[in-house]
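Participant: Pasting in a structure now, in structure tokens, and then I'll have a few things to ask.
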Amino acid sequence: MNMHLVAWLLGGLSLGIAAFLLLPAGLAAMGGEPVLPFLLAGAFSLGLALLLRWWGGLPRVRLSIREGIAVTGLGWLLAAFLGLLPYMLGGWLPPLDALFESISGFTGTGATVIASLEGLPQSLLLWRSLTHWIGGFAIVVMFTALLPQLAHGSMFRHSTEGLGLHGSRALPRIRTMARMLLAVYALLTLAAILVYLLCGMPLFSAVSHAFSTISTGGFSIYDDSARYFDDPLIEGAMTLFMVLAGGNFWLYYLGWKKGLRVFAENTEWKAYLTMLILAIVLIAANLVHDTGMEIPDALRYASFQAASFASTTGFVSSDFDAWPSFSRFCLLLLMFIGGCAGSTAGGLRVSRMLLLQRMMVSILWQKLHPQGIRQERLNGIALTEDALFNAGRFFFMYIMLMAFWVFLLTADTVPTLDAIAVSVSAMAGVGPVLELSGSAYTYATLPEFSKFVVCLAMLFGRLEIFTLLVMLSPEFWHEKTGW
Amino acid sequence: MRSMVVGCIGCMFIEWMSRAAASFLLGKSLSVWKNTAENSSIDSNISHEKAGKIMDFHLLLFLLGRMMLLMGGALCIPLGISLYEAEPDSLALAFALPSAAAVLIGGLLSLPHRERKPRLGVREGALFMMLSWCLLGLIGLLPYVLSGQLSWLNAMFESIADFTTTGASTIQADLPPSLLLWRSLTQWIGGLNAMVLLMTVIPQVNGGFGLGFALEHSVSLSPMLSRMRRTGLSIAWLYTFITLFFILLYWLCGLSPFDAINWAMVTISTSGSYTTSQSLAAGSYSLEFVSLLCMLVACGNFFLYWCAFRRRDWHILWDNAEIRVLLGLVLLFGLLSALQLWRLELYSFPDSLRYGFFHVVSFASTTGFEELSLENWPDFNKYLLFLLGITGGCIGSPTGGFKLLRMMILCKAATSAIRQTLHPRMISHITVDGATVSHNVVSNILSFFYLYLMIFFLFVLLISLSGTSILEAMGIAAACLSGVSSAATLYGSTASFIYLPALTKVFCCVLMILGKMEIFAFLLVVQSGVRGLRDRW
């Protein structure tokens, strides 16, 4: 493995974070809030960046799979470390909490350990939302520019399957694709800011919430999250953008280029919307039936909450914890499935669920027609047997990992339902959970060890398990030289 | 003295029953096909049937008829007890009537179908599985209803729960001895039926998933009638033998013969519901230890026992990876559980070990004996038990659940995935006990895993409609799906299924049958049904 190359790329990352730190620093300077934490963190990042750049180098070789994995894995860890500096240097949070908050930000989870946001400076709140936005940005780059190059025939393949990138033929297009996707990301953010402003949010709030929405993060600048507004119009706008953020960004680009027909032809998009509508109807019906809520209210809350959980954003517009268990379990399942591939959403992804369903149908068919050959398709593209197999394997590992987190959490005396909800939520990058200190959803009450476990879960979930798992194996670091 | 006599008679009955069962169910008259069947040695997983062929119901009806006849015979046992104990006539009648009905229907079903194929097709196999469980459930519920002990719905729930060796119960009052025996007997027959199906129909429908290679092909697994008869006989024999052994052990521990018989039948079928009022806590240490041992035996691979027994080579057992994993898992989880109990100062250290291990084994074997109320146990322990219950025991045992061997194969597939990430072009083989597991089998298991979880989630949703908490719903769904009734009480469900709404009970019944059918078969039946309708209209 070429560590110089890895260092060079990480240096770039650290430089980027230093630049982004200037934003909250500027805000702090204008609002008369403490500037020093941001400046110090920025200076540190800059120093680190220079050091890494000085030591590293960019040789003219292609990124190998090891380096790709090292860059993504270490990159996230580095970002989490640099991100925690402002919280800590300002004395607002102890180290572990700061790490939690930072990881939660960069992974687009939106789980917070801050019991009350009142009294925190605006610049820090902006930094929280900004970490989301940077994290989402990085995910888009990772899934489009980095992984497809490494994906050929490997486990990452299914991560990129939904994008319509197949094999080496697509490689030359990847650079353009990444650029287009980032443009979509930026445009969506701008649109969200504008719409939020039009709906009557103040500027600062609109910007922060737009950052959190499009990156499917979920940090809000209010303790009450979206309940603070209590305004159907704003909730509607947020619902719309959350649903959009959970969809495939590449599809939006294609839709803009080729017309809206592509949406009607995309299986994943249709499945995603169907799932959402079904969940909304079921939850609303359950709410009306069990709690006697008015139908418009039920629809309003159900749609916001379903969109928020399916896109793994995690805004809260009502006390869903008081809902009947059927609705709550629906929400849990939505979290588990998550959004579309090629979006910033986490979870298992709708496309993978579709692959699994195809796999099942194919095996059933095979039993009845042992000599037949069947070609499964998704979005009109033929699927290889490996793709199905990998999806099944990923599903298994996802569940096992989740079960393992629950195991660790319950060992640390977290109640079972909380543990399950926390691990589902952290793996999918949602944020709020059931029961744990109500739907005010702060993780502040968790024991220290559990917080650490949740940090790990968030990282594993965001990096599609394998990146970190591979890095844990000794074989990764010591390349076999053969003889 | 009287109970002694009852015990002996019971033992003899069981012995006779199992022999009669296997030879009768699969019919001596069928040896005509033996030769043709063996000549065309067909691999268990491959069916050469043409797709879309019309289903052949003859063999199916014949087998179902035989099953009914068998149940008619089985019903005579509690009838005998009832007459012997001089219970009221209505009770005797409650056994006599269904018995007569079963014999009548069975005869009608099996008589006219003389012309039949020597093997079951995939669809027929799947349908047979479904119908056999439904039919067993139907016959099983009659004595409860006719004796006026339970309502129709509760009786159905009870009967299906017993036959699927779930052991969930809606009974609150103490039952008369004859009904008690009937209950244990249904559980015992359910366990036997599960294993016979596992050897015959399941390999073709769901894929044997390693039964074959675990045994190095010493047992032929196929839906061939002649083989069904042979393997069925040997398994029934072994099953009975182990039951008798258990009876002896329990009896030596000081249980009355009648109790010993019931306990043994309940233990070996991994059902675990005997009487509600009586619990093991009242028993002695030796009894506890013996039941722990029996449960452990019951979650091992019976086919392997058979091989070991036939070859007089007990190393086979230790050489089997699955059994080693089972023991390791029980040891690990038992220790963890005990340590947590001890750490939180619930019990003294020896007691922690005792309770920890007992319940770990009880859940791993999906028996679900409870020595004490688990409600106050730490969440960690409950979660461990929950996991064990969902996973279940070895393949080839009457336990429910996902089965350890499949779990092992999936875990190996996962580790190979990590290696493959680094070396994308690497071709990796998964081996268990030195035998390669084909890619096909692994993807079969993967999709089974997916189906299993999806069904689980679906039923949690359905059950949660009844107003239980999420955890309770999860407990109940796990209990029904993998046949470990105590999983339902883990999370403070109101101790008995009796309080569930009617609709939820129906869901539970469906889920229990699904769990025993291993889901794939059910989907096949549904698919064939839809297809049949489409062809007709």
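Letters for chains follow the order of the structure tokens (A, B, ...), residue numbers begin at 1 for each chain, and ligand numbers begin at 1 in the order shown.
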Residues of chain A within 9 Å of chain B, counting only C-alpha atoms, what are they? List them as a PyMOL selection string.
Facilitator: chain A and resi 65-66+150-156+286+324-330+333+356-357+359-360+363-365+367-371+388-390+392-397+403+406-417+466-467+469-470+473+475-476
Participant: Include C-alpha atoms and write out the residues we just selected as a CSV table (one decimal), in the first residue's frame.
Facilitator:
chain,number,residue,atom,x,y,z
A,65,ILE,CA,-8.4,-1.1,-3.7
A,66,ARG,CA,-6.4,-1.1,-0.5
A,150,LEU,CA,-12.6,-0.2,-6.9
A,151,ALA,CA,-15.9,-1.9,-7.3
A,152,HIS,CA,-15.3,-4.1,-10.2
A,153,GLY,CA,-16.3,-7.5,-9.0
A,154,SER,CA,-15.8,-6.6,-5.4
A,155,MET,CA,-18.1,-6.3,-2.4
A,156,PHE,CA,-18.7,-2.6,-3.0
A,286,ASN,CA,-53.4,3.2,12.8
A,324,PRO,CA,-49.2,2.7,19.1
A,325,SER,CA,-46.7,0.0,18.7
A,326,PHE,CA,-47.8,-0.8,15.2
A,327,SER,CA,-46.9,2.7,14.0
A,328,ARG,CA,-43.7,2.7,15.9
A,329,PHE,CA,-42.6,-0.6,14.5
A,330,CYS,CA,-43.4,0.7,11.0
A,333,LEU,CA,-38.7,-0.8,9.6
A,356,LEU,CA,-33.0,-9.5,-2.2
A,357,GLN,CA,-36.5,-9.9,-3.4
A,359,MET,CA,-33.0,-13.3,-5.3
A,360,MET,CA,-35.8,-14.9,-3.5
A,363,ILE,CA,-34.5,-19.3,-6.1
A,364,LEU,CA,-38.2,-20.1,-5.8
A,365,TRP,CA,-38.4,-20.3,-9.6
A,367,LYS,CA,-36.9,-25.0,-7.4
A,368,LEU,CA,-39.9,-25.4,-9.8
A,369,HIS,CA,-37.7,-25.3,-12.9
A,370,PRO,CA,-34.5,-27.0,-12.0
A,371,GLN,CA,-33.1,-26.9,-15.5
A,388,LEU,CA,-27.7,-11.0,-5.9
A,389,PHE,CA,-25.3,-13.1,-3.8
A,390,ASN,CA,-23.5,-10.0,-2.5
A,392,GLY,CA,-27.7,-11.3,0.4
A,393,ARG,CA,-24.4,-11.5,2.1
A,394,PHE,CA,-24.5,-7.8,2.9
A,395,PHE,CA,-28.0,-8.2,4.4
A,396,PHE,CA,-26.8,-11.0,6.6
A,397,MET,CA,-23.8,-9.0,7.8
A,403,ALA,CA,-27.5,-7.9,16.7
A,406,VAL,CA,-27.6,-4.7,20.7
A,407,PHE,CA,-25.6,-7.4,22.5
A,408,LEU,CA,-23.0,-4.8,23.6
A,409,LEU,CA,-25.6,-2.2,24.5
A,410,THR,CA,-27.7,-4.5,26.6
A,411,ALA,CA,-24.5,-5.7,28.3
A,412,ASP,CA,-24.1,-2.1,29.3
A,413,THR,CA,-27.5,-2.2,30.9
A,414,VAL,CA,-29.4,-0.3,28.2
A,415,PRO,CA,-33.0,-1.6,28.0
A,416,THR,CA,-33.6,-4.0,25.1
A,417,LEU,CA,-36.0,-1.9,23.0
A,466,PHE,CA,-16.8,-3.6,4.7
A,467,THR,CA,-14.6,-0.6,4.6
A,469,LEU,CA,-14.2,-4.5,8.7
A,470,VAL,CA,-11.5,-4.9,6.1
A,473,SER,CA,-8.2,-7.5,9.5
A,475,GLU,CA,-4.0,-8.8,6.3
A,476,PHE,CA,-5.0,-5.4,5.2
Participant: Would you please work out which residue, of B:Met67, B:Leu248, B:Leu296, B:Ile430, is nearest to Leu326 in chain B when using only C-alpha atoms?
Facilitator: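 Among B:Met67, B:Leu248, B:Leu296, B:Ile430, it is B:Leu296 that comes nearest to Leu326 in chain B.
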Participant: Measuring between only C-alpha atoms, which one of A:Gly42, A:Thr112, A:Leu9, A:Ser14 shows the shortest distance to Gly57 in chain A?
Facilitator: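 Going through A:Gly42, A:Thr112, A:Leu9, A:Ser14 one by one, the smallest distance to Gly57 in chain A is for A:Leu9.
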Participant: Residues near range 19-21 of chain A, anyone? I mean within 12 Å using only C-alpha atoms, not counting same-chain ones fewer than 4 positions away, as a ChimeraX atom specification.
Facilitator: /A:12-15,25-28,35-46,49,79,82-86,123-124,126-135
Participant: Which one is closest to Arg53 in chain A: A:Leu23, A:Leu334, A:Ala7, A:Leu93? Count only C-alpha atoms.
Facilitator: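 Once distances to Arg53 in chain A are computed over only C-alpha atoms, the minimum belongs to A:Ala7.
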Participant: Mind checking which residues fall within 12 Å of Tyr239 in chain B, counting only C-alpha atoms, ignoring those fewer than 2 positions away in the same chain, and posting them as number ranges by chain?
Facilitator: B: 14-15, 17-19, 21-22, 188-196, 231-237, 241-246, 264-265, 267-269, 297-298, 301-303, 305-306, 396-398
Participant: Filtering to N, CA and C atoms, could you give me those residues as a CSV table (one decimal), in the first residue's frame?
Facilitator:
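As a result, result.csv now contains:
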chain,number,residue,atom,x,y,z
B,14,ILE,N,-45.8,-46.4,23.2
B,14,ILE,CA,-44.9,-45.5,22.5
B,14,ILE,C,-44.1,-46.3,21.5
B,15,GLU,N,-43.5,-47.4,22.1
B,15,GLU,CA,-42.6,-48.2,21.2
B,15,GLU,C,-43.4,-48.7,20.0
B,17,MET,N,-46.2,-47.7,18.8
B,17,MET,CA,-46.7,-46.6,18.0
B,17,MET,C,-45.7,-46.2,16.9
B,18,SER,N,-44.4,-46.0,17.4
B,18,SER,CA,-43.5,-45.5,16.5
B,18,SER,C,-43.2,-46.5,15.4
B,19,ARG,N,-43.1,-47.7,15.8
B,19,ARG,CA,-42.8,-48.8,14.7
B,19,ARG,C,-44.0,-48.8,13.8
B,21,ALA,N,-46.1,-46.6,13.2
B,21,ALA,CA,-46.2,-45.3,12.5
B,21,ALA,C,-45.4,-45.4,11.2
B,22,ALA,N,-44.1,-45.7,11.4
B,22,ALA,CA,-43.3,-45.6,10.2
B,22,ALA,C,-43.7,-46.6,9.1
B,188,TRP,N,-45.0,-35.0,20.9
B,188,TRP,CA,-44.1,-36.1,20.5
B,188,TRP,C,-44.2,-36.4,19.0
B,189,ILE,N,-45.5,-36.6,18.6
B,189,ILE,CA,-45.7,-36.9,17.2
B,189,ILE,C,-45.3,-35.7,16.3
B,190,GLY,N,-45.5,-34.5,16.8
B,190,GLY,CA,-45.1,-33.3,16.0
B,190,GLY,C,-43.6,-33.4,15.8
B,191,GLY,N,-42.8,-33.7,16.8
B,191,GLY,CA,-41.4,-33.7,16.7
B,191,GLY,C,-41.0,-34.8,15.6
B,192,LEU,N,-41.6,-35.9,15.7
B,192,LEU,CA,-41.3,-37.0,14.8
B,192,LEU,C,-41.7,-36.6,13.4
B,193,ASN,N,-42.8,-36.0,13.2
B,193,ASN,CA,-43.3,-35.6,11.9
B,193,ASN,C,-42.3,-34.6,11.3
B,194,ALA,N,-41.8,-33.7,12.1
B,194,ALA,CA,-40.9,-32.7,11.6
B,194,ALA,C,-39.7,-33.4,11.1
B,195,MET,N,-39.2,-34.4,11.8
B,195,MET,CA,-38.0,-35.0,11.4
B,195,MET,C,-38.2,-35.9,10.1
B,196,VAL,N,-39.3,-36.5,10.1
B,196,VAL,CA,-39.6,-37.3,8.9
B,196,VAL,C,-39.7,-36.4,7.6
B,231,THR,N,-35.8,-44.7,5.7
B,231,THR,CA,-35.2,-43.7,6.6
B,231,THR,C,-36.2,-43.3,7.7
B,232,GLY,N,-37.5,-43.3,7.3
B,232,GLY,CA,-38.5,-43.0,8.3
B,232,GLY,C,-38.5,-44.0,9.4
B,233,LEU,N,-38.4,-45.2,9.1
B,233,LEU,CA,-38.4,-46.3,10.1
B,233,LEU,C,-37.2,-46.1,11.0
B,234,SER,N,-36.1,-45.9,10.4
B,234,SER,CA,-34.9,-45.9,11.3
B,234,SER,C,-34.9,-44.7,12.2
B,235,ILE,N,-35.4,-43.5,11.7
B,235,ILE,CA,-35.5,-42.3,12.5
B,235,ILE,C,-36.5,-42.5,13.6
B,236,ALA,N,-37.6,-43.1,13.3
B,236,ALA,CA,-38.7,-43.3,14.3
B,236,ALA,C,-38.1,-44.2,15.4
B,237,TRP,N,-37.4,-45.2,14.9
B,237,TRP,CA,-36.8,-46.1,15.9
B,237,TRP,C,-35.9,-45.4,16.9
B,241,PHE,N,-36.2,-44.8,20.8
B,241,PHE,CA,-35.2,-45.3,21.7
B,241,PHE,C,-34.7,-44.2,22.7
B,242,ILE,N,-34.5,-43.0,22.1
B,242,ILE,CA,-34.0,-41.9,22.9
B,242,ILE,C,-35.1,-41.5,23.9
B,243,THR,N,-36.4,-41.6,23.4
B,243,THR,CA,-37.4,-41.2,24.4
B,243,THR,C,-37.5,-42.2,25.5
B,244,LEU,N,-37.3,-43.5,25.2
B,244,LEU,CA,-37.4,-44.5,26.3
B,244,LEU,C,-36.2,-44.2,27.3
B,245,PHE,N,-35.1,-43.9,26.7
B,245,PHE,CA,-33.9,-43.6,27.6
B,245,PHE,C,-34.2,-42.4,28.5
B,246,PHE,N,-34.8,-41.4,27.9
B,246,PHE,CA,-35.2,-40.2,28.7
B,246,PHE,C,-36.2,-40.6,29.8
B,264,ALA,N,-40.6,-36.8,29.3
B,264,ALA,CA,-39.6,-37.3,28.2
B,264,ALA,C,-40.1,-36.9,26.9
B,265,MET,N,-41.4,-37.1,26.6
B,265,MET,CA,-42.0,-36.8,25.3
B,265,MET,C,-41.9,-35.3,25.0
B,267,THR,N,-39.7,-33.3,26.3
B,267,THR,CA,-38.4,-32.8,26.2
B,267,THR,C,-37.8,-33.2,24.8
B,268,ILE,N,-38.0,-34.4,24.4
B,268,ILE,CA,-37.3,-34.8,23.2
B,268,ILE,C,-37.9,-34.1,22.0
B,269,SER,N,-39.2,-33.7,22.1
B,269,SER,CA,-39.8,-33.0,20.9
B,269,SER,C,-39.4,-31.5,21.0
B,297,VAL,N,-29.3,-33.1,24.4
B,297,VAL,CA,-29.3,-34.2,23.4
B,297,VAL,C,-30.4,-33.9,22.3
B,298,ALA,N,-31.5,-33.4,22.7
B,298,ALA,CA,-32.6,-33.1,21.8
B,298,ALA,C,-32.2,-32.1,20.7
B,301,ASN,N,-28.0,-33.3,16.2
B,301,ASN,CA,-28.4,-33.9,14.9
B,301,ASN,C,-28.8,-35.4,15.1
B,302,PHE,N,-30.0,-35.7,14.9
B,302,PHE,CA,-30.5,-37.1,15.2
B,302,PHE,C,-29.9,-38.1,14.1
B,303,PHE,N,-29.7,-37.6,12.9
B,303,PHE,CA,-29.2,-38.4,11.9
B,303,PHE,C,-27.8,-38.8,12.2
B,305,TYR,N,-26.6,-39.1,15.3
B,305,TYR,CA,-26.7,-40.1,16.3
B,305,TYR,C,-26.9,-41.5,15.7
B,306,TRP,N,-27.8,-41.4,14.7
B,306,TRP,CA,-28.1,-42.7,14.1
B,306,TRP,C,-26.8,-43.3,13.4
B,396,GLY,N,-31.5,-31.3,11.5
B,396,GLY,CA,-31.7,-32.7,11.8
B,396,GLY,C,-32.2,-33.0,13.2
B,397,SER,N,-32.6,-32.0,13.9
B,397,SER,CA,-33.2,-32.2,15.2
B,397,SER,C,-34.6,-31.6,15.2
B,398,PRO,N,-35.4,-32.0,16.2
B,398,PRO,CA,-36.8,-31.5,16.2
B,398,PRO,C,-36.9,-30.0,16.6
Participant: Excluding Tyr253 in chain A and any residue of its chain fewer than 3 positions from it, enumerate the residues within 8 Å of it, using only C-alpha atoms, and give them as a list of chain:residue names.
Facilitator: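 Once the nearby chain positions are removed, what remains is A:Met180, A:Leu181, A:Val184, A:Phe249, A:Trp250, A:Trp256, A:Lys257.
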Participant: For CA of Ala115 in chain A and CA of Phe229 in chain A, determine how far apart the two atoms are, in Å to one decimal place.
Facilitator: 19.6 Å
Participant: For Leu91 in chain B, find every residue with an atom within 12 Å (counting only C-alpha atoms), except residues of its own chain fewer than 6 positions away, and show them as number ranges by chain.
Facilitator: B: 78-83, 85, 97-98, 142-149, 175-179, 182
Participant: Can you measure CA of Gly532 in chain B to CA of Phe57 in chain B for me? One decimal in Å is fine.
Facilitator: 13.6 Å
Participant: Kindly indicate which residue among A:Ala382, A:Val430, A:Leu203, A:Ile283 lies nearest to Gly346 in chain A, using only C-alpha atoms for the distances.
Facilitator: A:Val430
Participant: Could you write out, as a list in words, all the residues of range 238-442 of chain A that DSSP marks as strand (DSSP E or B)?
Facilitator: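 So the strand (DSSP E or B) residues in range 238-442 of chain A would be Arg377, Leu378, Ile381, Ala382 and Thr442 of chain A.
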Participant: Would you save the residues from that selection as an mmCIF file, in the first residue's frame, using C-alpha atoms?
Facilitator:
data_model
loop_
_atom_site.group_PDB
_atom_site.id
_atom_site.type_symbol
_atom_site.label_atom_id
_atom_site.label_comp_id
_atom_site.auth_asym_id
_atom_site.auth_seq_id
_atom_site.Cartn_x
_atom_site.Cartn_y
_atom_site.Cartn_z
ATOM 1 C CA ARG A 377 -33.388 -7.483 -13.914
ATOM 2 C CA LEU A 378 -33.424 -4.296 -11.938
ATOM 3 C CA ILE A 381 -30.421 -3.890 -16.321
ATOM 4 C CA ALA A 382 -29.533 -7.541 -16.160
ATOM 5 C CA THR A 442 -30.892 12.890 23.089
#
